[in-house]
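A.B. asks: Here it is, the structure, as structure tokens.
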Amino acid sequence: MNIENLWIKYTDTKDKELKKELIEYYISLVKIVAGRMYNFYGSKIEYDDLLGYGVLGLIDSIDKFDITKNIKFETYAQIRIKGAIIDNIRKLDWIPRSLRKKSKDVQNSISFLENKLGRSPKNEEIAKHLKISLSELELLLSDISTFNVSSLEEVLLTKGDYSSEIQQDIGTPEDIYEGKEIKEILSTSIDALNKNERLVISLYYYEELTYKEIGHVMELSESRISQIHSKAILKIKIFLEKEGIVKGS
């Protein structure tokens, strides 16, 4: 039975065995999303746990997917799989309060210096403003990288991703308008980054390369890519806060 017929039959019968076949057919989606997110959460959580959370998202996708809508299941499912993983990681609350504070301190420094200088501040200027050494700032950017990526993923998941093909088919007109507006703001925030930051964001989010692969392309170390990524995300968050897309803390 091909996948189209399997979906039609499952939609008509809700048969458990057919559902099992759908899960087995699409499990590769879970592995792709879980593997990608493991790059960031691997030091805090096992891959099998991410896989388990992702399977829950896949099951939820199969339960709620409407084959009469003009959308691809793969697109719909990947968003829900990612959402289930982020949701369960958030419940673990493994990010120390001190790390959250340090991330906010760096973000506030970047925002202050941008307003003062009228341009994006250099790492040396951020370190001076924070009264720490450049090496301490670079280590801090690496430390807060995972936290910043996870928090931005939530924004992209709940705002940006649902403004895509899925929202255009199942969202209200207001949702669609808001989604398009948010995507434009996100695009503008990325355009405002420097060349290296834009490249890292592009290679990671669009080309789906790992830090190691990006480092090879840019001839930089993985830790340096992590720092660039973290700083880029902080800048995007500052931009989104100014635009009222996310709330400051």
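So you can find residues: chains in the structure tokens are A, B, ... in the order shown, residues in each start at 1, and ligands are numbered from 1 in order.
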If you count only C-alpha atoms, which residues fall within 12 Å of Lys102 of chain A, apart from same-chain ones fewer than 2 positions away, as an NGL selection string?

C.D. replies: :A and (95-100 or 104-109 or 130 or 136-137 or 139-145 or 147-148 or 234)

A.B. asks: Only N, CA, C and O atoms, please: the residues just picked out, written as a CSV table (one decimal), in the first residue's frame.

C.D. replies:
```csv
chain,number,residue,atom,x,y,z
A,95,ILE,N,18.5,24.8,32.6
A,95,ILE,CA,19.4,26.0,32.4
A,95,ILE,C,19.5,26.8,33.7
A,95,ILE,O,18.5,27.3,34.2
A,96,PRO,N,20.6,26.9,34.3
A,96,PRO,CA,20.8,27.6,35.5
A,96,PRO,C,20.3,29.1,35.5
A,96,PRO,O,20.5,29.7,34.4
A,97,ARG,N,19.8,29.6,36.6
A,97,ARG,CA,19.4,31.0,36.6
A,97,ARG,C,20.5,31.9,36.3
A,97,ARG,O,20.3,33.0,35.7
A,98,SER,N,21.7,31.6,36.8
A,98,SER,CA,22.9,32.4,36.6
A,98,SER,C,23.2,32.5,35.1
A,98,SER,O,23.6,33.6,34.7
A,99,LEU,N,23.0,31.5,34.4
A,99,LEU,CA,23.3,31.5,32.9
A,99,LEU,C,22.3,32.4,32.2
A,99,LEU,O,22.6,33.1,31.3
A,100,ARG,N,21.0,32.3,32.6
A,100,ARG,CA,20.0,33.2,32.0
A,100,ARG,C,20.4,34.6,32.3
A,100,ARG,O,20.2,35.5,31.4
A,104,LYS,N,21.3,37.6,29.5
A,104,LYS,CA,20.6,38.9,29.5
A,104,LYS,C,21.5,40.1,29.7
A,104,LYS,O,21.4,41.1,29.0
A,105,ASP,N,22.6,39.9,30.5
A,105,ASP,CA,23.6,40.9,30.7
A,105,ASP,C,24.3,41.2,29.3
A,105,ASP,O,24.5,42.4,29.0
A,106,VAL,N,24.7,40.2,28.6
A,106,VAL,CA,25.3,40.4,27.3
A,106,VAL,C,24.4,41.0,26.3
A,106,VAL,O,24.7,42.0,25.6
A,107,GLN,N,23.1,40.6,26.3
A,107,GLN,CA,22.1,41.1,25.4
A,107,GLN,C,21.9,42.6,25.7
A,107,GLN,O,21.8,43.4,24.8
A,108,ASN,N,21.8,43.0,27.0
A,108,ASN,CA,21.6,44.4,27.4
A,108,ASN,C,22.8,45.2,27.0
A,108,ASN,O,22.7,46.4,26.5
A,109,SER,N,24.0,44.7,27.1
A,109,SER,CA,25.2,45.4,26.7
A,109,SER,C,25.3,45.7,25.2
A,109,SER,O,25.6,46.8,24.7
A,130,LEU,N,31.1,45.2,29.9
A,130,LEU,CA,30.8,44.3,30.9
A,130,LEU,C,31.9,44.2,32.0
A,130,LEU,O,31.7,43.5,33.0
A,136,GLU,N,37.1,36.1,28.4
A,136,GLU,CA,35.9,35.7,29.3
A,136,GLU,C,34.6,35.9,28.5
A,136,GLU,O,33.7,35.1,28.6
A,137,LEU,N,34.5,36.9,27.7
A,137,LEU,CA,33.3,37.2,26.9
A,137,LEU,C,33.1,36.0,25.9
A,137,LEU,O,32.0,35.5,25.7
A,139,LEU,N,34.2,33.0,26.0
A,139,LEU,CA,33.8,31.8,26.7
A,139,LEU,C,32.3,31.9,27.1
A,139,LEU,O,31.6,30.9,27.0
A,140,LEU,N,31.9,33.1,27.6
A,140,LEU,CA,30.5,33.3,28.0
A,140,LEU,C,29.6,33.1,26.8
A,140,LEU,O,28.5,32.5,26.9
A,141,LEU,N,30.0,33.6,25.6
A,141,LEU,CA,29.1,33.5,24.4
A,141,LEU,C,29.0,32.0,24.0
A,141,LEU,O,27.9,31.5,23.6
A,142,SER,N,30.0,31.2,24.2
A,142,SER,CA,29.9,29.8,24.0
A,142,SER,C,29.0,29.1,25.0
A,142,SER,O,28.2,28.2,24.7
A,143,ASP,N,29.1,29.5,26.3
A,143,ASP,CA,28.3,28.9,27.3
A,143,ASP,C,26.8,29.2,27.2
A,143,ASP,O,26.0,28.3,27.4
A,144,ILE,N,26.5,30.4,26.7
A,144,ILE,CA,25.1,30.7,26.6
A,144,ILE,C,24.5,30.4,25.2
A,144,ILE,O,23.3,30.6,24.9
A,145,SER,N,25.3,29.8,24.4
A,145,SER,CA,24.9,29.5,23.0
A,145,SER,C,23.6,28.6,23.0
A,145,SER,O,22.7,28.9,22.3
A,147,PHE,N,21.4,28.0,25.3
A,147,PHE,CA,20.3,28.7,25.9
A,147,PHE,C,19.6,29.6,24.9
A,147,PHE,O,18.4,29.7,24.7
A,148,ASN,N,20.5,30.4,24.2
A,148,ASN,CA,20.0,31.4,23.2
A,148,ASN,C,19.4,30.7,22.0
A,148,ASN,O,18.3,31.2,21.5
A,234,LEU,N,21.5,36.8,19.9
A,234,LEU,CA,21.3,37.9,20.9
A,234,LEU,C,20.8,39.1,20.1
A,234,LEU,O,19.9,39.8,20.6
```

A.B. asks: Would you mind reading off the distance between atom CA of Leu199 of chain A and atom CA of Ile228 of chain A, one decimal, in Å?

C.D. replies: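 About the pair atom CA of Leu199 of chain A and atom CA of Ile228 of chain A: they are 9.8 Å apart.
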
A.B. asks: Please provide as a list in words all residues within 9 Å of Lys14 of chain A, with the sequence filter that same-chain residues fewer than 5 positions apart are discarded (counting only C-alpha atoms).

C.D. replies: Lys9, Lys19 and Asp63 of chain A

A.B. asks: Can I get the selection written as an mmCIF file, in the first residue's frame, with C-alpha atoms?

C.D. replies:
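The new file result-v8.cif reads:
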```cif
data_model
loop_
_atom_site.group_PDB
_atom_site.id
_atom_site.type_symbol
_atom_site.label_atom_id
_atom_site.label_comp_id
_atom_site.auth_asym_id
_atom_site.auth_seq_id
_atom_site.Cartn_x
_atom_site.Cartn_y
_atom_site.Cartn_z
ATOM 1 C CA LYS A 9 -7.479 4.336 4.788
ATOM 2 C CA LYS A 19 -1.284 4.295 12.525
ATOM 3 C CA ASP A 63 -3.635 12.317 15.017
#
```

A.B. asks: At a cut-off of 9 Å, using only C-alpha atoms, what residues contact Asp87 of chain A? Leave out same-chain residues fewer than 4 positions from it and give the result as a list in words.

C.D. replies: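 Here the qualifying residues turn out to be Tyr53, Lys82, Gly83, Lys91 and Glu154 of chain A.
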
A.B. asks: Pick the closest to Ser230 of chain A from A:Ser202, A:Ser28, A:Asn194, A:Ser103: which is it, counting only C-alpha atoms?

C.D. replies: A:Ser103

A.B. asks: Taking into account only C-alpha atoms, which residue in the set A:Ile8, A:Ile86, A:Leu203, A:Val30 is nearest to Phe65 of chain A?

C.D. replies: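 Ranked by minimum distance to Phe65 of chain A, first place goes to A:Ile8.
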
A.B. asks: Quick one: residues within 12 Å of Ser111 of chain A, only C-alpha atoms, excluding same-chain residues fewer than 6 positions away - as a VMD selection string?

C.D. replies: chain A and resid 104 to 105 117 to 121 126 129 231 234 to 242 248

A.B. asks: So that I can check the surroundings of His229 of chain A, please list as a PDB file with N, CA, C and O atoms, in the first residue's frame every protein, DNA and RNA residue that reaches within 8 Å of it, counting only C-alpha atoms and ignoring chain neighbours fewer than 2 positions away.

C.D. replies:
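Saved as around-v1.pdb:
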```pdb
ATOM      1  N   SER A 145      25.323  29.788  24.355  1.00  0.00           N
ATOM      2  CA  SER A 145      24.874  29.475  22.996  1.00  0.00           C
ATOM      3  C   SER A 145      23.642  28.579  22.990  1.00  0.00           C
ATOM      4  O   SER A 145      22.656  28.862  22.313  1.00  0.00           O
ATOM      5  N   GLU A 197      27.992  36.675  10.744  1.00  0.00           N
ATOM      6  CA  GLU A 197      26.795  36.274  11.486  1.00  0.00           C
ATOM      7  C   GLU A 197      25.696  35.816  10.536  1.00  0.00           C
ATOM      8  O   GLU A 197      25.038  34.812  10.775  1.00  0.00           O
ATOM      9  N   VAL A 200      26.629  32.341   9.185  1.00  0.00           N
ATOM     10  CA  VAL A 200      26.408  31.268  10.165  1.00  0.00           C
ATOM     11  C   VAL A 200      24.917  30.958  10.296  1.00  0.00           C
ATOM     12  O   VAL A 200      24.513  29.793  10.287  1.00  0.00           O
ATOM     13  N   ILE A 201      24.092  31.992  10.395  1.00  0.00           N
ATOM     14  CA  ILE A 201      22.642  31.793  10.505  1.00  0.00           C
ATOM     15  C   ILE A 201      22.117  31.082   9.265  1.00  0.00           C
ATOM     16  O   ILE A 201      21.311  30.148   9.348  1.00  0.00           O
ATOM     17  N   ILE A 225      32.541  29.415  15.858  1.00  0.00           N
ATOM     18  CA  ILE A 225      31.225  29.405  15.205  1.00  0.00           C
ATOM     19  C   ILE A 225      30.132  29.526  16.259  1.00  0.00           C
ATOM     20  O   ILE A 225      29.152  30.259  16.080  1.00  0.00           O
ATOM     21  N   SER A 226      30.303  28.819  17.380  1.00  0.00           N
ATOM     22  CA  SER A 226      29.337  28.883  18.477  1.00  0.00           C
ATOM     23  C   SER A 226      29.208  30.309  18.995  1.00  0.00           C
ATOM     24  O   SER A 226      28.104  30.797  19.256  1.00  0.00           O
ATOM     25  N   GLN A 227      30.338  30.999  19.139  1.00  0.00           N
ATOM     26  CA  GLN A 227      30.331  32.381  19.631  1.00  0.00           C
ATOM     27  C   GLN A 227      29.625  33.313  18.646  1.00  0.00           C
ATOM     28  O   GLN A 227      28.814  34.154  19.047  1.00  0.00           O
ATOM     29  N   LYS A 231      26.104  35.322  19.478  1.00  0.00           N
ATOM     30  CA  LYS A 231      26.006  36.781  19.377  1.00  0.00           C
ATOM     31  C   LYS A 231      24.948  37.190  18.357  1.00  0.00           C
ATOM     32  O   LYS A 231      24.188  38.140  18.580  1.00  0.00           O
ATOM     33  N   ALA A 232      24.886  36.468  17.245  1.00  0.00           N
ATOM     34  CA  ALA A 232      23.884  36.764  16.216  1.00  0.00           C
ATOM     35  C   ALA A 232      22.478  36.605  16.774  1.00  0.00           C
ATOM     36  O   ALA A 232      21.592  37.432  16.523  1.00  0.00           O
ATOM     37  N   ILE A 233      22.267  35.552  17.539  1.00  0.00           N
ATOM     38  CA  ILE A 233      20.942  35.296  18.102  1.00  0.00           C
ATOM     39  C   ILE A 233      20.565  36.368  19.118  1.00  0.00           C
ATOM     40  O   ILE A 233      19.413  36.813  19.175  1.00  0.00           O
TER      41      ILE A 233
END
```

A.B. asks: I need the residue nearest Leu18 of chain A from this list: A:Ile190, A:Leu209, A:Met37, A:Leu6. Use only C-alpha atoms for the distance.

C.D. replies: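 Of A:Ile190, A:Leu209, A:Met37, A:Leu6, the one nearest Leu18 of chain A, counting only C-alpha atoms, is A:Leu6.
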
A.B. asks: Measure the distance from atom CA of Ala127 of chain A to atom CA of Ser189 of chain A in Å and round it to one decimal.

C.D. replies: 22.9 Å
